[in-house]
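Novice: My questions all concern the structure below.
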Amino acid sequence: MEDKNPKMEDRRGEENHSNHSPIFSSKLEKMQGLSDEYSGRWEKCWEQGDTGWDLGQPTPVLLQLLEKETLPKGRVLVPGCGAGHDVVAIANPERYVVGLDISETAIKRAIEISSSSPSAKCFEFVEADFFTWHPTEMFDLIFDYTFFCAIEPRTRASWGTRMHELLKPDGELITLMYPTNDRDGGPPFKVSVADFEEVLHPWGFKATSITDNELAVGKRKGNEKLGRWKRCH
């Protein structure tokens, strides 16, 4: 269920970015307009079963990272979680995972699929808009896959801002960058490492590694990179 508590305290202490500033309010209103557009689009896709991005299973490279025990523990966010396969895979007593999606149907599907999971107490699904949602706690890890590429390129700067607001200092952001091949239109909209750097560097994020994802599936193979980013003080 969506958190109804007061908005998260802004950690930057910069007036121009305050949740109560005119600049923030103006941006929020603009994002709300985009949110209504996104909500209808993705809800229709889920209702009609037009979900080609859904692997029907956890992302293979994520399972590899979990097996190697290289992921931070604590609170985890999966924006655009869809049917929640990655949420369930990550969740355990050491990691509490929040799966976030703007589609009501996607969240209902995720809850249905995961209802019998032995780690059910270690995750939750929230129907909300990533750009306007305000949890009461920040996250140690955010996992973004087929989310950045799904939003309109004009909203990417806001994506970077939200990552800064939601991730704890010294937290880690994992991005599966897809599709990196040249293509027109979207979603998914083509992405590059430079696209991520452009919106993350201003907030102090630095890549600790960027590698080709050798475990990418189907047509995604050769068009996907795994990025790991640290939010520095």
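Residue numbers start at 1 in each chain; chains themselves are named A, B, ... in the order of the structure tokens; ligands are numbered from 1 in the order shown.
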Might you pull out every residue within 8 Å of Thr175 of chain A, with only C-alpha atoms counted and same-chain residues fewer than 5 positions away left off, and present them as a PyMOL selection string?
Specialist: chain A and resi 143-145+226-228
Novice: Selection from above, all heavy atoms, as a short mmCIF file (atom, residue, chain, number, x, y, z; two decimals), in the first residue's frame, can you write it?
Specialist:
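Listed below is the output, again22.cif:
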```cif
data_model
loop_
_atom_site.label_atom_id
_atom_site.label_comp_id
_atom_site.auth_asym_id
_atom_site.auth_seq_id
_atom_site.Cartn_x
_atom_site.Cartn_y
_atom_site.Cartn_z
N PHE A 143 17.72 -1.04 -8.24
CA PHE A 143 17.98 -1.86 -9.43
C PHE A 143 17.05 -1.39 -10.55
O PHE A 143 15.84 -1.49 -10.45
CB PHE A 143 17.73 -3.34 -9.11
CG PHE A 143 17.93 -4.26 -10.29
CD1 PHE A 143 19.20 -4.43 -10.83
CD2 PHE A 143 16.87 -4.95 -10.85
CE1 PHE A 143 19.40 -5.28 -11.92
CE2 PHE A 143 17.06 -5.80 -11.93
CZ PHE A 143 18.33 -5.96 -12.47
N ASP A 144 17.64 -0.86 -11.62
CA ASP A 144 16.88 -0.32 -12.74
C ASP A 144 17.13 -1.14 -14.00
O ASP A 144 18.23 -1.19 -14.52
CB ASP A 144 17.27 1.15 -12.99
CG ASP A 144 16.47 1.79 -14.12
OD1 ASP A 144 16.46 1.23 -15.24
OD2 ASP A 144 15.87 2.84 -13.89
N TYR A 145 16.06 -1.78 -14.48
CA TYR A 145 16.15 -2.55 -15.71
C TYR A 145 14.85 -2.38 -16.49
O TYR A 145 13.77 -2.57 -15.95
CB TYR A 145 16.38 -4.03 -15.40
CG TYR A 145 16.61 -4.91 -16.60
CD1 TYR A 145 17.26 -4.43 -17.74
CD2 TYR A 145 16.19 -6.23 -16.61
CE1 TYR A 145 17.48 -5.24 -18.84
CE2 TYR A 145 16.41 -7.05 -17.70
CZ TYR A 145 17.05 -6.56 -18.81
OH TYR A 145 17.26 -7.36 -19.91
N LEU A 226 25.92 -3.67 -18.23
CA LEU A 226 25.65 -3.64 -16.80
C LEU A 226 26.47 -2.52 -16.17
O LEU A 226 27.70 -2.52 -16.22
CB LEU A 226 26.02 -4.98 -16.16
CG LEU A 226 25.95 -5.05 -14.62
CD1 LEU A 226 24.51 -4.91 -14.15
CD2 LEU A 226 26.54 -6.37 -14.13
N GLY A 227 25.78 -1.56 -15.58
CA GLY A 227 26.46 -0.46 -14.92
C GLY A 227 26.24 -0.52 -13.43
O GLY A 227 25.12 -0.75 -12.95
N ARG A 228 27.30 -0.30 -12.67
CA ARG A 228 27.21 -0.22 -11.21
C ARG A 228 27.73 1.14 -10.78
O ARG A 228 28.85 1.52 -11.14
CB ARG A 228 27.97 -1.37 -10.54
CG ARG A 228 27.51 -2.74 -11.01
CD ARG A 228 28.12 -3.87 -10.22
NE ARG A 228 27.60 -3.90 -8.85
CZ ARG A 228 27.75 -4.94 -8.02
NH1 ARG A 228 28.42 -6.01 -8.41
NH2 ARG A 228 27.26 -4.90 -6.79
#
```
Novice: Looking at A:Glu94, A:Asp212, A:Asp54, A:Asp140, which one is nearest to Glu172 of chain A, with distances taken over only C-alpha atoms?
Specialist: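 Checking each of A:Glu94, A:Asp212, A:Asp54, A:Asp140 against Glu172 of chain A, counting only C-alpha atoms, the winner is A:Asp140.
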Novice: What's the 7 Å shell around Val78 of chain A, counting only C-alpha atoms, without same-chain residues fewer than 4 positions away, as JSON, numbers by chain?
Specialist: {"A": [87, 98, 99, 100, 142, 143, 144]}
Novice: Could you turn the residues from that selection into a file that holds C-alpha atoms, as an mmCIF file, in the first residue's frame?
Specialist:
```
data_model
loop_
_atom_site.group_PDB
_atom_site.id
_atom_site.type_symbol
_atom_site.label_atom_id
_atom_site.label_comp_id
_atom_site.auth_asym_id
_atom_site.auth_seq_id
_atom_site.Cartn_x
_atom_site.Cartn_y
_atom_site.Cartn_z
ATOM 1 C CA VAL A 87 11.830 -8.265 -6.491
ATOM 2 C CA VAL A 98 10.022 -2.542 -2.566
ATOM 3 C CA GLY A 99 8.684 -3.209 -6.051
ATOM 4 C CA LEU A 100 7.214 -0.038 -7.548
ATOM 5 C CA ILE A 142 18.238 0.560 -6.498
ATOM 6 C CA PHE A 143 17.979 -1.856 -9.429
ATOM 7 C CA ASP A 144 16.877 -0.316 -12.739
#
```
Novice: When you look at Pro58 of chain A with a cut-off of 9 Å (counting only C-alpha atoms), what residues show up, excluding the ones that are within fewer than 3 positions of it in the same chain? I need them as a PyMOL selection string.
Specialist: chain A and resi 55+61-63+84-89
Novice: List the neighbours of Met138 of chain A out to 7 Å using only C-alpha atoms; skip same-chain residues closer than 4 positions along the sequence, and give me the result as a list in words.
Specialist: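 Here the qualifying residues turn out to be Leu166, Leu167 and Lys168 of chain A.
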Novice: Using DSSP assignments from the backbone, pull out every residue in segment 85-223 of chain A that falls under alpha helix (DSSP H) and give it to me as a ChimeraX atom specification.
Specialist: /A:85-90,104-114,156-166,193-200
Novice: Write the residues you've just listed into a file as a CSV table (one decimal), in the first residue's frame, and include N, CA, C and O atoms for each of them.
Specialist:
```
chain,number,residue,atom,x,y,z
A,85,HIS,N,9.4,-10.3,-10.7
A,85,HIS,CA,10.3,-11.5,-10.6
A,85,HIS,C,11.6,-11.1,-10.0
A,85,HIS,O,12.1,-11.9,-9.1
A,86,ASP,N,12.1,-9.9,-10.3
A,86,ASP,CA,13.4,-9.5,-9.7
A,86,ASP,C,13.2,-9.2,-8.2
A,86,ASP,O,14.2,-9.4,-7.4
A,87,VAL,N,12.1,-8.6,-7.9
A,87,VAL,CA,11.8,-8.3,-6.5
A,87,VAL,C,11.9,-9.5,-5.6
A,87,VAL,O,12.6,-9.5,-4.6
A,88,VAL,N,11.2,-10.5,-6.0
A,88,VAL,CA,11.2,-11.8,-5.2
A,88,VAL,C,12.6,-12.4,-5.2
A,88,VAL,O,13.0,-13.0,-4.1
A,89,ALA,N,13.3,-12.3,-6.3
A,89,ALA,CA,14.7,-12.9,-6.3
A,89,ALA,C,15.6,-12.3,-5.4
A,89,ALA,O,16.5,-12.9,-4.7
A,90,ILE,N,15.5,-10.9,-5.2
A,90,ILE,CA,16.4,-10.2,-4.4
A,90,ILE,C,16.1,-10.3,-2.9
A,90,ILE,O,17.0,-10.3,-2.0
A,104,GLU,N,-1.7,-0.6,-12.2
A,104,GLU,CA,-2.4,-1.3,-11.2
A,104,GLU,C,-2.4,-2.8,-11.6
A,104,GLU,O,-2.3,-3.7,-10.7
A,105,THR,N,-2.6,-3.1,-12.8
A,105,THR,CA,-2.6,-4.5,-13.3
A,105,THR,C,-1.3,-5.2,-13.0
A,105,THR,O,-1.3,-6.4,-12.6
A,106,ALA,N,-0.2,-4.5,-13.3
A,106,ALA,CA,1.1,-5.1,-13.0
A,106,ALA,C,1.3,-5.4,-11.6
A,106,ALA,O,1.8,-6.5,-11.2
A,107,ILE,N,0.9,-4.5,-10.7
A,107,ILE,CA,1.0,-4.8,-9.3
A,107,ILE,C,0.2,-5.9,-8.8
A,107,ILE,O,0.6,-6.8,-8.0
A,108,LYS,N,-1.0,-6.0,-9.3
A,108,LYS,CA,-1.9,-7.1,-9.0
A,108,LYS,C,-1.3,-8.4,-9.5
A,108,LYS,O,-1.4,-9.5,-8.8
A,109,ARG,N,-0.7,-8.4,-10.6
A,109,ARG,CA,0.0,-9.6,-11.2
A,109,ARG,C,1.1,-10.0,-10.3
A,109,ARG,O,1.3,-11.2,-10.0
A,110,ALA,N,1.9,-9.0,-9.9
A,110,ALA,CA,3.1,-9.3,-9.0
A,110,ALA,C,2.7,-9.9,-7.7
A,110,ALA,O,3.3,-10.9,-7.2
A,111,ILE,N,1.6,-9.4,-7.1
A,111,ILE,CA,1.1,-9.9,-5.8
A,111,ILE,C,0.6,-11.3,-6.0
A,111,ILE,O,0.9,-12.2,-5.1
A,112,GLU,N,-0.1,-11.5,-7.1
A,112,GLU,CA,-0.6,-12.9,-7.3
A,112,GLU,C,0.5,-13.9,-7.5
A,112,GLU,O,0.5,-15.0,-6.9
A,113,ILE,N,1.5,-13.6,-8.3
A,113,ILE,CA,2.6,-14.5,-8.6
A,113,ILE,C,3.4,-14.8,-7.3
A,113,ILE,O,3.9,-15.9,-7.2
A,114,SER,N,3.6,-13.8,-6.5
A,114,SER,CA,4.5,-13.9,-5.4
A,114,SER,C,3.8,-14.3,-4.1
A,114,SER,O,4.5,-14.5,-3.0
A,156,ARG,N,14.5,12.2,-18.4
A,156,ARG,CA,15.7,11.5,-17.8
A,156,ARG,C,16.4,12.3,-16.7
A,156,ARG,O,16.9,11.7,-15.8
A,157,ALA,N,16.4,13.6,-16.9
A,157,ALA,CA,17.0,14.5,-15.8
A,157,ALA,C,16.3,14.3,-14.5
A,157,ALA,O,16.9,14.2,-13.4
A,158,SER,N,15.0,14.2,-14.6
A,158,SER,CA,14.1,14.0,-13.4
A,158,SER,C,14.4,12.6,-12.8
A,158,SER,O,14.4,12.4,-11.6
A,159,TRP,N,14.7,11.6,-13.6
A,159,TRP,CA,15.1,10.3,-13.2
A,159,TRP,C,16.4,10.4,-12.4
A,159,TRP,O,16.5,9.8,-11.3
A,160,GLY,N,17.3,11.1,-12.8
A,160,GLY,CA,18.6,11.3,-12.1
A,160,GLY,C,18.4,12.0,-10.8
A,160,GLY,O,19.0,11.6,-9.8
A,161,THR,N,17.5,13.0,-10.8
A,161,THR,CA,17.2,13.7,-9.5
A,161,THR,C,16.6,12.7,-8.5
A,161,THR,O,16.9,12.7,-7.3
A,162,ARG,N,15.7,11.9,-9.0
A,162,ARG,CA,15.0,10.9,-8.1
A,162,ARG,C,16.0,9.9,-7.5
A,162,ARG,O,15.9,9.5,-6.3
A,163,MET,N,16.9,9.5,-8.3
A,163,MET,CA,17.9,8.5,-7.8
A,163,MET,C,18.7,9.1,-6.7
A,163,MET,O,19.0,8.5,-5.7
A,164,HIS,N,19.0,10.4,-6.8
A,164,HIS,CA,19.7,11.1,-5.8
A,164,HIS,C,18.9,11.2,-4.5
A,164,HIS,O,19.4,11.1,-3.4
A,165,GLU,N,17.6,11.5,-4.7
A,165,GLU,CA,16.7,11.7,-3.5
A,165,GLU,C,16.4,10.3,-2.8
A,165,GLU,O,16.2,10.3,-1.6
A,166,LEU,N,16.4,9.2,-3.6
A,166,LEU,CA,15.9,8.0,-3.0
A,166,LEU,C,17.1,7.1,-2.5
A,166,LEU,O,16.8,6.2,-1.6
A,193,VAL,N,25.9,4.9,-22.4
A,193,VAL,CA,26.5,5.1,-21.1
A,193,VAL,C,26.5,6.7,-20.9
A,193,VAL,O,26.3,7.1,-19.8
A,194,ALA,N,26.8,7.4,-22.0
A,194,ALA,CA,26.8,8.9,-21.8
A,194,ALA,C,25.5,9.4,-21.4
A,194,ALA,O,25.4,10.4,-20.6
A,195,ASP,N,24.3,8.8,-21.8
A,195,ASP,CA,23.0,9.3,-21.3
A,195,ASP,C,22.9,9.1,-19.8
A,195,ASP,O,22.3,10.0,-19.2
A,196,PHE,N,23.4,8.0,-19.3
A,196,PHE,CA,23.3,7.8,-17.8
A,196,PHE,C,24.3,8.8,-17.1
A,196,PHE,O,23.9,9.4,-16.1
A,197,GLU,N,25.5,8.9,-17.7
A,197,GLU,CA,26.5,9.9,-17.0
A,197,GLU,C,25.9,11.3,-17.0
A,197,GLU,O,26.1,12.0,-16.0
A,198,GLU,N,25.3,11.7,-18.0
A,198,GLU,CA,24.8,13.1,-18.1
A,198,GLU,C,23.8,13.4,-17.0
A,198,GLU,O,23.8,14.6,-16.5
A,199,VAL,N,23.0,12.5,-16.6
A,199,VAL,CA,22.0,12.8,-15.5
A,199,VAL,C,22.4,12.3,-14.1
A,199,VAL,O,21.8,12.7,-13.1
A,200,LEU,N,23.5,11.5,-14.0
A,200,LEU,CA,23.9,11.0,-12.8
A,200,LEU,C,25.1,11.8,-12.2
A,200,LEU,O,25.2,12.0,-11.0
```
Novice: Here is a test: counting only C-alpha atoms, which residue of A:Ser192, A:Asn181, A:Ser103, A:Ser119 is nearest to Lys219 of chain A?
Specialist: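 Using only C-alpha atoms, the shortest distance to Lys219 of chain A belongs to A:Asn181.
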Novice: Here is a test: counting only C-alpha atoms, which residue of A:Lys73, A:Lys230, A:Lys190, A:Lys225 is nearest to Phe205 of chain A?
Specialist: A:Lys230
Novice: Between A:Ala83, A:Ala91, A:Cys232, A:Val217, which has the minimum distance to Ser117 of chain A (counting only C-alpha atoms)?
Specialist: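 Of A:Ala83, A:Ala91, A:Cys232, A:Val217, the one nearest Ser117 of chain A is A:Ala91, counting only C-alpha atoms.
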Novice: Could you state the separation of atom CA of Pro187 of chain A and atom CA of Ile174 of chain A in Å, given to one decimal place?
Specialist: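 We find that atom CA of Pro187 of chain A and atom CA of Ile174 of chain A lie 20.2 Å from each other.
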Novice: Hey, which of A:Thr155, A:Thr208, A:Asn92, A:Asn223 ends up closest to Val76 of chain A? Count only C-alpha atoms.
Specialist: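 Using only C-alpha atoms, Val76 of chain A sits closest to A:Asn92.
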Novice: Measuring atom to atom with only C-alpha atoms, identify which of A:Leu141, A:Asp101, A:Thr59, A:Arg183 is nearest to Glu124 of chain A.
Specialist: A:Asp101
Novice: When you draw a straight line from atom CA of Pro188 of chain A to atom CA of Phe148 of chain A, how long is it in Å?
Specialist: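 Separation of atom CA of Pro188 of chain A and atom CA of Phe148 of chain A: 8.7 Å.
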Novice: Give the strand (DSSP E) residues of segment 57-219 of chain A, as DSSP finds them on the backbone, and put them as a PyMOL selection string.
Specialist: chain A and resi 74-79+95-101+123-127+139-145+167-177+205-212
Novice: Work out how far atom CA of Trp229 of chain A is from atom CA of Tyr96 of chain A, in Å to one decimal.
Specialist: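 Taking atom CA of Tyr96 of chain A and atom CA of Trp229 of chain A, their separation equals 20.0 Å.
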